[in-house]
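Comments concern the structure below.
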Amino acid sequence: ILTVFVDANVMKLASETDVLIPRQNTIEWGDKQLEITVHDFGVRREVDLLREGEQKREAMLLRKVAEEAATGTIRLITQSEVVDELMTLPWARGARLYDVPIEWVDAPIEYSRIIGRVVPSPPSERRNDWKESMVEFMMDLDFPRYKQLQLACGANQGQNISENELIDAFHVWCAEGAGATHFLTLDFKLIKTVRLHRRYPPRVKLVKPSELLYDLWNAKGA
(Lines give C-alpha, C1' and ligand atoms only; values in the text may rest on other atoms or scores of the structure.)
Protein backbone atom coordinates (compact mmCIF):
# COMPACT_ATOMS: atom_id res chain seq x y z
CA ILE A 1 0.00 0.00 0.00
CA LEU A 2 1.34 3.42 -0.96
CA THR A 3 0.91 6.15 1.67
CA VAL A 4 0.13 9.36 -0.18
CA PHE A 5 0.12 12.82 1.38
CA VAL A 6 -2.45 14.96 -0.45
CA ASP A 7 -1.70 18.64 -1.15
CA ALA A 8 -4.37 21.34 -0.91
CA ASN A 9 -4.41 22.03 -4.67
CA VAL A 10 -5.32 18.39 -5.29
CA MET A 11 -8.36 18.56 -3.00
CA LYS A 12 -9.37 21.89 -4.54
CA LEU A 13 -9.30 20.61 -8.13
CA ALA A 14 -11.12 17.41 -7.19
CA SER A 15 -13.98 19.29 -5.52
CA GLU A 16 -17.49 19.19 -6.93
CA THR A 17 -20.27 21.38 -5.59
CA ASP A 18 -24.02 21.29 -6.17
CA VAL A 19 -25.17 24.61 -7.63
CA LEU A 20 -28.24 26.22 -9.14
CA ILE A 21 -27.76 27.24 -12.77
CA PRO A 22 -29.97 30.12 -13.99
CA ARG A 23 -31.60 30.13 -17.42
CA GLN A 24 -34.26 32.20 -19.12
CA ASN A 25 -37.65 30.65 -19.78
CA THR A 26 -40.69 31.99 -21.64
CA ILE A 27 -44.18 31.38 -20.24
CA GLU A 28 -47.62 32.20 -21.51
CA TRP A 29 -49.64 34.50 -19.24
CA GLY A 30 -52.99 35.14 -20.84
CA ASP A 31 -52.28 36.79 -24.14
CA LYS A 32 -48.76 37.77 -23.08
CA GLN A 33 -45.40 36.04 -23.13
CA LEU A 34 -43.23 36.63 -20.08
CA GLU A 35 -39.51 36.03 -19.70
CA ILE A 36 -38.60 34.60 -16.29
CA THR A 37 -35.43 33.22 -14.75
CA VAL A 38 -35.56 29.62 -13.58
CA HIS A 39 -32.83 27.55 -11.97
CA ASP A 40 -31.75 24.02 -12.75
CA PHE A 41 -29.70 21.79 -10.48
CA GLY A 42 -26.12 21.36 -11.63
CA VAL A 43 -22.59 20.58 -10.46
CA ARG A 44 -19.63 22.94 -10.34
CA ARG A 45 -16.50 20.92 -11.15
CA GLU A 46 -13.25 22.72 -10.52
CA VAL A 47 -11.41 20.61 -13.08
CA ASP A 48 -13.79 21.83 -15.79
CA LEU A 49 -12.64 25.40 -15.17
CA LEU A 50 -9.04 24.62 -16.10
CA ARG A 51 -7.67 25.45 -19.52
CA GLU A 52 -6.70 22.56 -21.74
CA GLY A 53 -3.16 21.51 -20.97
CA GLU A 54 -1.00 19.38 -18.70
CA GLN A 55 -2.57 20.54 -15.45
CA LYS A 56 -6.06 19.65 -16.65
CA ARG A 57 -4.93 16.28 -17.98
CA GLU A 58 -3.30 15.50 -14.65
CA ALA A 59 -6.29 16.73 -12.66
CA MET A 60 -8.57 14.44 -14.67
CA LEU A 61 -6.57 11.50 -13.29
CA LEU A 62 -7.48 12.34 -9.70
CA ARG A 63 -10.71 10.37 -9.97
CA LYS A 64 -8.64 7.28 -10.82
CA VAL A 65 -6.46 7.95 -7.77
CA ALA A 66 -9.62 8.18 -5.65
CA GLU A 67 -10.88 4.89 -7.08
CA GLU A 68 -7.61 3.19 -6.15
CA ALA A 69 -7.80 4.67 -2.65
CA ALA A 70 -11.35 3.36 -2.27
CA THR A 71 -10.09 -0.18 -2.97
CA GLY A 72 -7.38 0.12 -0.32
CA THR A 73 -4.33 0.11 -2.58
CA ILE A 74 -3.56 3.72 -1.61
CA ARG A 75 -3.74 5.29 1.84
CA LEU A 76 -4.54 9.00 1.59
CA ILE A 77 -3.32 11.29 4.37
CA THR A 78 -3.06 15.03 4.99
CA GLN A 79 -2.52 17.45 7.87
CA SER A 80 -4.64 20.15 9.50
CA GLU A 81 -2.67 23.07 8.00
CA VAL A 82 -3.43 21.72 4.52
CA VAL A 83 -7.12 21.49 5.33
CA ASP A 84 -7.00 25.01 6.80
CA GLU A 85 -5.98 26.32 3.37
CA LEU A 86 -9.26 25.02 1.98
CA MET A 87 -11.29 27.05 4.47
CA THR A 88 -10.72 30.12 2.29
CA LEU A 89 -12.25 28.25 -0.68
CA PRO A 90 -16.02 28.00 -0.15
CA TRP A 91 -16.46 25.41 -2.90
CA ALA A 92 -13.90 22.95 -1.50
CA ARG A 93 -15.27 19.99 0.44
CA GLY A 94 -12.54 19.61 3.02
CA ALA A 95 -10.37 16.52 3.47
CA ARG A 96 -11.79 14.38 0.69
CA LEU A 97 -10.71 13.21 -2.73
CA TYR A 98 -14.03 13.02 -4.50
CA ASP A 99 -16.01 10.70 -2.20
CA VAL A 100 -12.98 9.17 -0.49
CA PRO A 101 -12.15 10.57 2.97
CA ILE A 102 -8.54 11.58 3.63
CA GLU A 103 -7.01 10.62 6.97
CA TRP A 104 -5.56 13.41 9.13
CA VAL A 105 -2.07 12.91 10.56
CA ASP A 106 -0.02 14.81 13.11
CA ALA A 107 2.76 17.26 12.31
CA PRO A 108 6.37 16.29 13.15
CA ILE A 109 6.12 18.53 16.24
CA GLU A 110 3.49 19.16 18.87
CA TYR A 111 2.16 22.70 18.66
CA SER A 112 -0.81 24.94 19.03
CA ARG A 113 -1.43 28.32 17.51
CA ILE A 114 -4.00 31.09 17.67
CA ILE A 115 -5.61 31.41 14.25
CA GLY A 116 -6.49 35.07 14.77
CA ARG A 117 -3.01 36.39 15.49
CA VAL A 118 -3.11 38.62 12.43
CA VAL A 119 -5.35 41.67 12.76
CA PRO A 120 -8.13 41.43 10.12
CA SER A 121 -7.50 43.72 7.18
CA PRO A 122 -10.16 45.98 5.64
CA PRO A 123 -12.01 44.41 2.68
CA SER A 124 -10.56 47.04 0.34
CA GLU A 125 -7.05 45.59 0.76
CA ARG A 126 -8.04 42.12 -0.50
CA ARG A 127 -5.59 40.39 1.84
CA ASN A 128 -5.76 36.76 2.87
CA ASP A 129 -5.62 37.08 6.66
CA TRP A 130 -5.85 33.32 7.11
CA LYS A 131 -2.72 32.81 5.01
CA GLU A 132 -0.89 35.62 6.78
CA SER A 133 -1.58 33.99 10.13
CA MET A 134 -0.31 30.66 8.81
CA VAL A 135 2.85 32.21 7.37
CA GLU A 136 3.59 34.11 10.59
CA PHE A 137 3.32 30.85 12.53
CA MET A 138 5.60 28.97 10.14
CA MET A 139 8.24 31.69 10.07
CA ASP A 140 8.57 31.34 13.85
CA LEU A 141 9.43 27.63 13.60
CA ASP A 142 13.13 26.96 14.15
CA PHE A 143 13.78 23.28 13.45
CA PRO A 144 16.78 22.08 11.42
CA ARG A 145 14.88 19.69 9.15
CA TYR A 146 12.21 22.29 8.38
CA LYS A 147 14.95 24.79 7.49
CA GLN A 148 16.49 22.23 5.14
CA LEU A 149 13.17 21.60 3.42
CA GLN A 150 12.65 25.32 3.00
CA LEU A 151 15.82 25.30 0.91
CA ALA A 152 14.70 22.22 -1.01
CA CYS A 153 11.32 23.79 -1.84
CA GLY A 154 12.80 27.16 -2.83
CA ALA A 155 11.41 29.17 0.08
CA ASN A 156 14.69 30.97 0.76
CA GLN A 157 15.28 33.44 -2.05
CA GLY A 158 18.21 35.61 -1.03
CA GLN A 159 17.11 37.89 1.79
CA ASN A 160 13.45 37.11 1.18
CA ILE A 161 11.15 34.24 2.09
CA SER A 162 8.63 33.03 -0.47
CA GLU A 163 5.40 32.48 1.46
CA ASN A 164 3.92 29.79 -0.80
CA GLU A 165 7.12 27.74 -0.76
CA LEU A 166 7.39 28.20 3.02
CA ILE A 167 3.97 26.58 3.34
CA ASP A 168 4.92 23.88 0.83
CA ALA A 169 8.01 23.03 2.90
CA PHE A 170 5.87 22.60 6.02
CA HIS A 171 3.52 20.24 4.17
CA VAL A 172 6.47 18.19 2.86
CA TRP A 173 7.86 18.07 6.39
CA CYS A 174 4.52 16.74 7.64
CA ALA A 175 4.52 14.10 4.88
CA GLU A 176 7.99 12.98 5.93
CA GLY A 177 7.01 12.83 9.58
CA ALA A 178 3.97 10.70 8.77
CA GLY A 179 6.06 8.21 6.79
CA ALA A 180 4.42 8.95 3.46
CA THR A 181 5.90 7.33 0.38
CA HIS A 182 4.50 9.98 -2.00
CA PHE A 183 3.47 13.64 -1.88
CA LEU A 184 0.69 14.21 -4.42
CA THR A 185 0.51 17.72 -5.85
CA LEU A 186 -0.46 19.59 -9.01
CA ASP A 187 2.19 22.23 -8.36
CA PHE A 188 4.58 21.35 -11.17
CA LYS A 189 6.97 24.17 -10.23
CA LEU A 190 7.36 22.71 -6.73
CA ILE A 191 8.04 19.24 -8.13
CA LYS A 192 10.71 20.60 -10.49
CA THR A 193 12.35 22.72 -7.78
CA VAL A 194 12.60 19.80 -5.35
CA ARG A 195 13.97 17.42 -7.99
CA LEU A 196 16.70 19.87 -8.93
CA HIS A 197 17.76 20.28 -5.30
CA ARG A 198 20.55 17.92 -4.26
CA ARG A 199 21.68 18.98 -0.78
CA TYR A 200 18.58 18.25 1.31
CA PRO A 201 16.25 16.07 -0.77
CA PRO A 202 12.89 15.20 0.80
CA ARG A 203 12.42 11.68 2.12
CA VAL A 204 9.08 11.55 0.31
CA LYS A 205 8.64 11.44 -3.47
CA LEU A 206 6.82 14.47 -4.90
CA VAL A 207 4.63 13.35 -7.80
CA LYS A 208 1.80 14.41 -10.05
CA PRO A 209 -1.17 12.02 -10.49
CA SER A 210 0.17 10.20 -13.56
CA GLU A 211 3.46 9.47 -11.78
CA LEU A 212 1.66 8.19 -8.69
CA LEU A 213 -0.47 5.83 -10.78
CA TYR A 214 2.64 4.64 -12.63
CA ASP A 215 4.34 3.81 -9.32
CA LEU A 216 1.19 2.09 -8.09
CA TRP A 217 0.91 -0.09 -11.18
CA ASN A 218 4.59 -1.01 -10.87
CA ALA A 219 4.06 -1.92 -7.22
CA LYS A 220 1.13 -4.13 -8.16
CA GLY A 221 3.23 -5.93 -10.73
CA ALA A 222 6.17 -6.45 -8.38
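A note on labels: chains of the C-alpha coordinates are A, B, ... as shown, every chain counts residues from 1, and ligands are counted from 1 in their shown order.
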
Taking the chain letters and numbering used in this document, name the residues of stretch 32-99 of chain A that DSSP puts in strand (DSSP E), as number ranges by chain.
A: 32-45, 74-79, 96-97

Can you write out the residues you just picked, keeping N, CA and C atoms, as an mmCIF file, in the first residue's frame?
```
data_model
loop_
_atom_site.group_PDB
_atom_site.id
_atom_site.type_symbol
_atom_site.label_atom_id
_atom_site.label_comp_id
_atom_site.auth_asym_id
_atom_site.auth_seq_id
_atom_site.Cartn_x
_atom_site.Cartn_y
_atom_site.Cartn_z
ATOM 1 N N LYS A 32 -50.119 37.226 -23.114
ATOM 2 C CA LYS A 32 -48.765 37.769 -23.076
ATOM 3 C C LYS A 32 -47.731 36.646 -22.917
ATOM 4 N N GLN A 33 -46.547 36.919 -23.371
ATOM 5 C CA GLN A 33 -45.405 36.044 -23.133
ATOM 6 C C GLN A 33 -44.439 36.743 -22.182
ATOM 7 N N LEU A 34 -44.109 36.056 -21.102
ATOM 8 C CA LEU A 34 -43.230 36.635 -20.081
ATOM 9 C C LEU A 34 -41.909 35.869 -20.023
ATOM 10 N N GLU A 35 -40.835 36.616 -19.881
ATOM 11 C CA GLU A 35 -39.508 36.026 -19.696
ATOM 12 C C GLU A 35 -39.210 35.956 -18.201
ATOM 13 N N ILE A 36 -38.939 34.758 -17.705
ATOM 14 C CA ILE A 36 -38.604 34.597 -16.295
ATOM 15 C C ILE A 36 -37.300 33.803 -16.165
ATOM 16 N N THR A 37 -36.663 33.969 -15.026
ATOM 17 C CA THR A 37 -35.433 33.224 -14.749
ATOM 18 C C THR A 37 -35.765 32.019 -13.880
ATOM 19 N N VAL A 38 -35.391 30.849 -14.364
ATOM 20 C CA VAL A 38 -35.560 29.618 -13.581
ATOM 21 C C VAL A 38 -34.174 29.028 -13.313
ATOM 22 N N HIS A 39 -34.118 28.136 -12.345
ATOM 23 C CA HIS A 39 -32.828 27.550 -11.969
ATOM 24 C C HIS A 39 -32.892 26.028 -12.066
ATOM 25 N N ASP A 40 -31.885 25.462 -12.669
ATOM 26 C CA ASP A 40 -31.748 24.017 -12.751
ATOM 27 C C ASP A 40 -30.628 23.567 -11.811
ATOM 28 N N PHE A 41 -30.768 22.348 -11.295
ATOM 29 C CA PHE A 41 -29.703 21.793 -10.476
ATOM 30 C C PHE A 41 -28.522 21.408 -11.372
ATOM 31 N N GLY A 42 -27.330 21.717 -10.895
ATOM 32 C CA GLY A 42 -26.123 21.359 -11.631
ATOM 33 C C GLY A 42 -24.964 21.120 -10.687
ATOM 34 N N VAL A 43 -23.794 20.853 -11.240
ATOM 35 C CA VAL A 43 -22.594 20.582 -10.458
ATOM 36 C C VAL A 43 -21.461 21.474 -10.956
ATOM 37 N N ARG A 44 -20.826 22.157 -10.023
ATOM 38 C CA ARG A 44 -19.629 22.943 -10.345
ATOM 39 C C ARG A 44 -18.417 22.038 -10.148
ATOM 40 N N ARG A 45 -17.699 21.744 -11.211
ATOM 41 C CA ARG A 45 -16.499 20.916 -11.153
ATOM 42 C C ARG A 45 -15.287 21.797 -11.392
ATOM 43 N N ILE A 74 -4.208 2.463 -1.955
ATOM 44 C CA ILE A 74 -3.558 3.721 -1.612
ATOM 45 C C ILE A 74 -4.154 4.217 -0.301
ATOM 46 N N ARG A 75 -3.296 4.637 0.602
ATOM 47 C CA ARG A 75 -3.736 5.285 1.840
ATOM 48 C C ARG A 75 -3.532 6.784 1.682
ATOM 49 N N LEU A 76 -4.605 7.554 1.746
ATOM 50 C CA LEU A 76 -4.541 8.998 1.589
ATOM 51 C C LEU A 76 -4.443 9.662 2.951
ATOM 52 N N ILE A 77 -3.471 10.565 3.117
ATOM 53 C CA ILE A 77 -3.319 11.295 4.366
ATOM 54 C C ILE A 77 -3.113 12.771 4.072
ATOM 55 N N THR A 78 -3.347 13.604 5.076
ATOM 56 C CA THR A 78 -3.056 15.031 4.995
ATOM 57 C C THR A 78 -2.919 15.555 6.409
ATOM 58 N N GLN A 79 -2.731 16.858 6.552
ATOM 59 C CA GLN A 79 -2.516 17.453 7.866
ATOM 60 C C GLN A 79 -3.398 18.683 8.014
ATOM 61 N N ARG A 96 -11.240 15.461 1.494
ATOM 62 C CA ARG A 96 -11.795 14.379 0.690
ATOM 63 C C ARG A 96 -11.189 14.445 -0.715
ATOM 64 N N LEU A 97 -11.067 13.287 -1.315
ATOM 65 C CA LEU A 97 -10.707 13.213 -2.733
ATOM 66 C C LEU A 97 -11.899 12.577 -3.420
#
```

Residue neighbourhood A:Ala152, 12 Å, only C-alpha atoms, exclusion window fewer than 2 positions, as number ranges by chain
A: 145-150, 154-157, 165-166, 168-170, 172-173, 190-203, 206

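If you measure from each of A:Phe143, A:Tyr111, A:Phe137, A:Trp104 to A:Ile167 using only C-alpha atoms, the closest one turns out to be A:Phe137.
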
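The coordinates place atom CA of A:Leu184 at 10.1 Å from atom CA of A:Thr3.
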
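Candidate residues A:Val47, A:Val6, A:Ile27, A:Ile1 were compared for distance to A:Pro209, and the nearest is A:Val6, using only C-alpha atoms.
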